[in-house]
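Trainee: Structure: final14.pdb, PDB, C-alpha atoms and all ligand atoms.
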```
ATOM      1  CA  MET F   1       2.347  16.783  21.900
ATOM      2  CA  ARG F   2       5.939  16.127  22.808
ATOM      3  CA  GLN F   3       7.857  15.679  19.587
ATOM      4  CA  VAL F   4      10.683  13.898  21.356
ATOM      5  CA  LEU F   5       8.370  10.992  22.128
ATOM      6  CA  LEU F   6       7.498  10.529  18.467
ATOM      7  CA  GLN F   7      10.498   8.796  17.018
ATOM      8  CA  PRO F   8       9.677   6.694  13.972
ATOM      9  CA  ILE F   9      11.419   3.349  13.748
ATOM     10  CA  PRO F  10      14.782   3.914  12.024
ATOM     11  CA  GLY F  11      14.493   3.192   8.316
ATOM     12  CA  ILE F  12      10.686   3.207   8.260
ATOM     13  CA  GLU F  13      10.366   5.991   5.689
ATOM     14  CA  ASP F  14      12.544   4.135   3.168
ATOM     15  CA  ALA F  15      10.777   0.846   3.887
ATOM     16  CA  LEU F  16       7.351   2.419   3.404
ATOM     17  CA  THR F  17       8.453   4.141   0.204
ATOM     18  CA  SER F  18       9.834   0.890  -1.165
ATOM     19  CA  LEU F  19       6.827  -1.238  -0.196
ATOM     20  CA  GLY F  20       4.432   1.483  -1.341
ATOM     21  CA  ARG F  21       5.686   1.147  -4.917
ATOM     22  CA  THR F  22       4.052  -2.258  -5.228
ATOM     23  CA  HIS F  23       1.510  -2.384  -2.413
ATOM     24  CA  ARG F  24      -1.311  -0.382  -0.929
ATOM     25  CA  LEU F  25      -0.232   0.385   2.628
ATOM     26  CA  TRP F  26      -2.801   0.626   5.390
ATOM     27  CA  LEU F  27      -1.994   1.749   8.904
ATOM     28  CA  THR F  28      -3.818   0.350  11.898
ATOM     29  CA  THR F  29      -3.424   1.960  15.259
ATOM     30  CA  ASN F  30      -5.069   2.044  18.650
ATOM     31  CA  GLY F  31      -6.105   5.295  20.219
ATOM     32  CA  VAL F  32      -8.069   8.476  19.874
ATOM     33  CA  PRO F  33      -8.409   9.301  16.163
ATOM     34  CA  ALA F  34      -7.387  12.965  16.402
ATOM     35  CA  HIS F  35      -4.319  12.119  18.483
ATOM     36  CA  GLN F  36      -3.209   9.305  16.215
ATOM     37  CA  ARG F  37      -3.580  11.458  13.110
ATOM     38  CA  GLN F  38      -1.620  14.258  14.809
ATOM     39  CA  LYS F  39       1.183  11.809  15.509
ATOM     40  CA  LEU F  40       1.230  10.701  11.889
ATOM     41  CA  GLN F  41       1.441  14.284  10.704
ATOM     42  CA  ALA F  42       4.157  15.139  13.218
ATOM     43  CA  THR F  43       6.269  12.265  11.938
ATOM     44  CA  HIS F  44       5.576  13.133   8.280
ATOM     45  CA  LEU F  45       4.294   9.639   7.579
ATOM     46  CA  THR F  46       0.695  10.442   6.630
ATOM     47  CA  ALA F  47       1.332  10.350   2.894
ATOM     48  CA  ALA F  48       2.948   6.920   3.129
ATOM     49  CA  PHE F  49      -0.386   5.259   3.844
ATOM     50  CA  ASP F  50      -3.373   4.723   1.583
ATOM     51  CA  ARG F  51      -5.742   4.214   4.516
ATOM     52  CA  VAL F  52      -5.610   4.698   8.243
ATOM     53  CA  PHE F  53      -7.729   2.695  10.666
ATOM     54  CA  VAL F  54      -7.847   3.994  14.222
ATOM     55  CA  SER F  55      -9.476   1.896  16.903
ATOM     56  CA  GLY F  56     -11.406   4.936  18.065
ATOM     57  CA  ASP F  57     -13.071   5.151  14.660
ATOM     58  CA  VAL F  58     -13.618   1.413  14.352
ATOM     59  CA  GLY F  59     -15.041   1.028  17.855
ATOM     60  CA  ALA F  60     -12.733  -1.814  18.842
ATOM     61  CA  PRO F  61      -8.999  -2.228  19.503
ATOM     62  CA  LYS F  62      -6.765  -3.873  16.909
ATOM     63  CA  ALA F  63      -6.702  -7.178  18.786
ATOM     64  CA  ASP F  64     -10.489  -7.411  18.818
ATOM     65  CA  PRO F  65     -12.128  -9.556  16.125
ATOM     66  CA  ARG F  66     -14.459  -6.641  15.347
ATOM     67  CA  PHE F  67     -11.408  -4.698  14.107
ATOM     68  CA  VAL F  68     -10.580  -7.478  11.645
ATOM     69  CA  ALA F  69     -14.211  -7.530  10.547
ATOM     70  CA  ALA F  70     -14.028  -3.804   9.796
ATOM     71  CA  LEU F  71     -10.806  -4.299   7.829
ATOM     72  CA  ARG F  72     -12.334  -7.135   5.831
ATOM     73  CA  ARG F  73     -15.303  -4.978   4.896
ATOM     74  CA  ALA F  74     -12.948  -2.203   3.735
ATOM     75  CA  LEU F  75     -10.732  -4.648   1.842
ATOM     76  CA  ARG F  76     -13.644  -5.757  -0.340
ATOM     77  CA  GLY F  77     -11.930  -9.038  -1.092
ATOM     78  CA  ALA F  78      -8.405  -7.644  -1.544
ATOM     79  CA  GLN F  79      -5.676  -9.750   0.022
ATOM     80  CA  VAL F  80      -3.494  -8.776   2.983
ATOM     81  CA  CYS F  81       0.162  -9.627   2.335
ATOM     82  CA  GLN F  82       1.304  -9.088   5.884
ATOM     83  CA  VAL F  83       0.811  -7.202   9.095
ATOM     84  CA  VAL F  84       3.912  -5.416  10.379
ATOM     85  CA  GLY F  85       4.185  -4.249  13.951
ATOM     86  CA  ASP F  86       5.998  -4.344  17.238
ATOM     87  CA  SER F  87       3.209  -5.408  19.569
ATOM     88  CA  VAL F  88       2.590  -9.052  20.331
ATOM     89  CA  THR F  89      -0.758  -8.394  21.955
ATOM     90  CA  GLN F  90      -2.034  -6.023  19.284
ATOM     91  CA  ASP F  91      -0.221  -6.436  15.944
ATOM     92  CA  LEU F  92       0.422 -10.156  16.080
ATOM     93  CA  GLN F  93      -3.058 -10.736  17.480
ATOM     94  CA  LEU F  94      -4.520  -8.692  14.618
ATOM     95  CA  ALA F  95      -2.596 -10.854  12.152
ATOM     96  CA  ALA F  96      -3.688 -14.052  13.903
ATOM     97  CA  ASN F  97      -7.324 -12.936  13.969
ATOM     98  CA  GLY F  98      -7.188 -12.238  10.244
ATOM     99  CA  GLY F  99      -5.177 -15.340   9.391
ATOM    100  CA  TRP F 100      -2.553 -13.077   7.857
ATOM    101  CA  ALA F 101       1.223 -13.399   7.813
ATOM    102  CA  ALA F 102       3.065 -10.985  10.066
ATOM    103  CA  THR F 103       6.434  -9.399  10.571
ATOM    104  CA  HIS F 104       7.189  -8.732  14.202
ATOM    105  CA  ILE F 105       9.608  -5.892  14.810
ATOM    106  CA  CYS F 106      11.425  -7.154  17.861
ATOM    107  CA  GLN F 107      14.709  -8.507  19.106
ATOM    108  CA  PRO F 108      14.508 -11.966  17.511
ATOM    109  CA  ALA F 109      17.065 -13.536  19.847
ATOM    110  CA  THR F 110      14.973 -12.738  22.895
ATOM    111  CA  CYS F 111      11.477 -12.516  21.426
ATOM    112  CA  THR F 112       8.935 -14.444  23.474
ATOM    113  CA  ALA F 113       6.021 -14.217  21.051
ATOM    114  CA  ALA F 114       3.999 -17.399  21.083
ATOM    115  CA  PRO F 115       3.646 -19.334  17.844
ATOM    116  CA  SER F 116       0.830 -18.075  15.649
ATOM    117  CA  PRO F 117      -1.455 -19.936  13.264
ATOM    118  CA  ALA F 118      -0.159 -17.715  10.441
ATOM    119  CA  PRO F 119       3.541 -17.293   9.537
ATOM    120  CA  VAL F 120       5.413 -14.708  11.608
ATOM    121  CA  ALA F 121       8.846 -13.361  10.713
ATOM    122  CA  HIS F 122      10.858 -11.664  13.425
ATOM    123  CA  THR F 123      13.224  -8.808  12.627
ATOM    124  CA  SER F 124      14.954  -6.039  14.499
ATOM    125  CA  SER F 125      15.112  -3.754  11.477
ATOM    126  CA  VAL F 126      12.730  -2.597   8.791
ATOM    127  CA  ALA F 127      15.614  -1.637   6.521
ATOM    128  CA  GLY F 128      15.332  -3.599   3.333
ATOM    129  CA  MET F 129      11.998  -5.080   4.361
ATOM    130  CA  ARG F 130      10.396  -6.906   1.465
ATOM    131  CA  CYS F 131       7.119  -8.637   0.979
ATOM    132  CA  ALA F 132       7.159 -12.272  -0.075
ATOM    133  CA  CYS F 133       4.028 -11.986  -2.198
TER     134      CYS F 133
HETATM  135 ZN    ZN I 201       9.365 -11.321  17.587
END
```
Rewrite the structure of this file - the entire thing - as structure tokens.

Mentor:
Amino acid sequence: MRQVLLQPIPGIEDALTSLGRTHRLWLTTNGVPAHQRQKLQATHLTAAFDRVFVSGDVGAPKADPRFVAALRRALRGAQVCQVVGDSVTQDLQLAANGGWAATHICQPATCTAAPSPAPVAHTSSVAGMRCAC
């Protein structure tokens, strides 16, 4: 695995630490489970998350309604405050499928994400990220 390709978003460790004080943080990711977990370990972010859902384990990509169904079963009625991610087709679709608010990490001035049925905030930085709940 080429370490140089694994560059966490600047400020993500502080944002996760801050949000993790008051929230349970779950990571969703597409890919082969062993590879995704290796990437998490290589970036020292494993401990930041309470649960990790990899599409390869779930049997469907994040944008697929079956992924949301698997999350709902695991949530056991707990609420989702927001989905945070940089992909329109995966992260924002996951949020839309679940009816959950989202924060899109993007360049807000040029973002072309289509409106979503749930609220979507657009930000270029995770520094100081807060949850509105
Ligand atoms: Zn955006």

Trainee: Given the PyMOL selection byres (((chain F and resi 97) around 10) and not hetatm) and the file above, list the residues it selects as a PyMOL selection string.

Mentor: chain F and resi 62-69+91-96+98-100+116-118

Trainee: Quick one: residues within 12 Å of ligand ZN 201 (chain I), with only C-alpha atoms and all ligand atoms, as a VMD selection string?

Mentor: chain F and resid 84 to 89 91 to 92 102 to 116 119 to 125

Trainee: Using all atoms listed in the file, determine which residues lie at most 7 Å from Thr29 in chain F, disregarding the query and same-chain residues fewer than 2 positions distant; provide the list as a ChimeraX atom specification.

Mentor: /F:27,31,53-55,62

Trainee: As a ChimeraX atom specification, please: the residues near range 34-43 of chain F (cut-off 8 Å, all atoms listed in the file, same-chain neighbours under 4 positions excluded).

Mentor: /F:3,6-8,29-30,54

Trainee: When you count only C-alpha atoms, which of these residues is closest to Thr28 in chain F: F:Ala70, F:Ala132, F:Ala127, F:Ala78?

Mentor: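 Once distances to Thr28 in chain F are computed over only C-alpha atoms, the minimum belongs to F:Ala70.
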
Trainee: How far is it from CA of Asp57 in chain F to CA of Arg72 in chain F, in Å with one decimal?

Mentor: 15.1 Å

Trainee: Step by step, work through what the PyMOL selection byres (((chain F and resi 129) around 9) and not hetatm) selects in the shown file, and finish by giving those residues as a list in words.

Mentor: Ala15, Leu16, Ser18, Leu19, Ser125, Val126, Ala127, Gly128, Arg130 and Cys131 of chain F
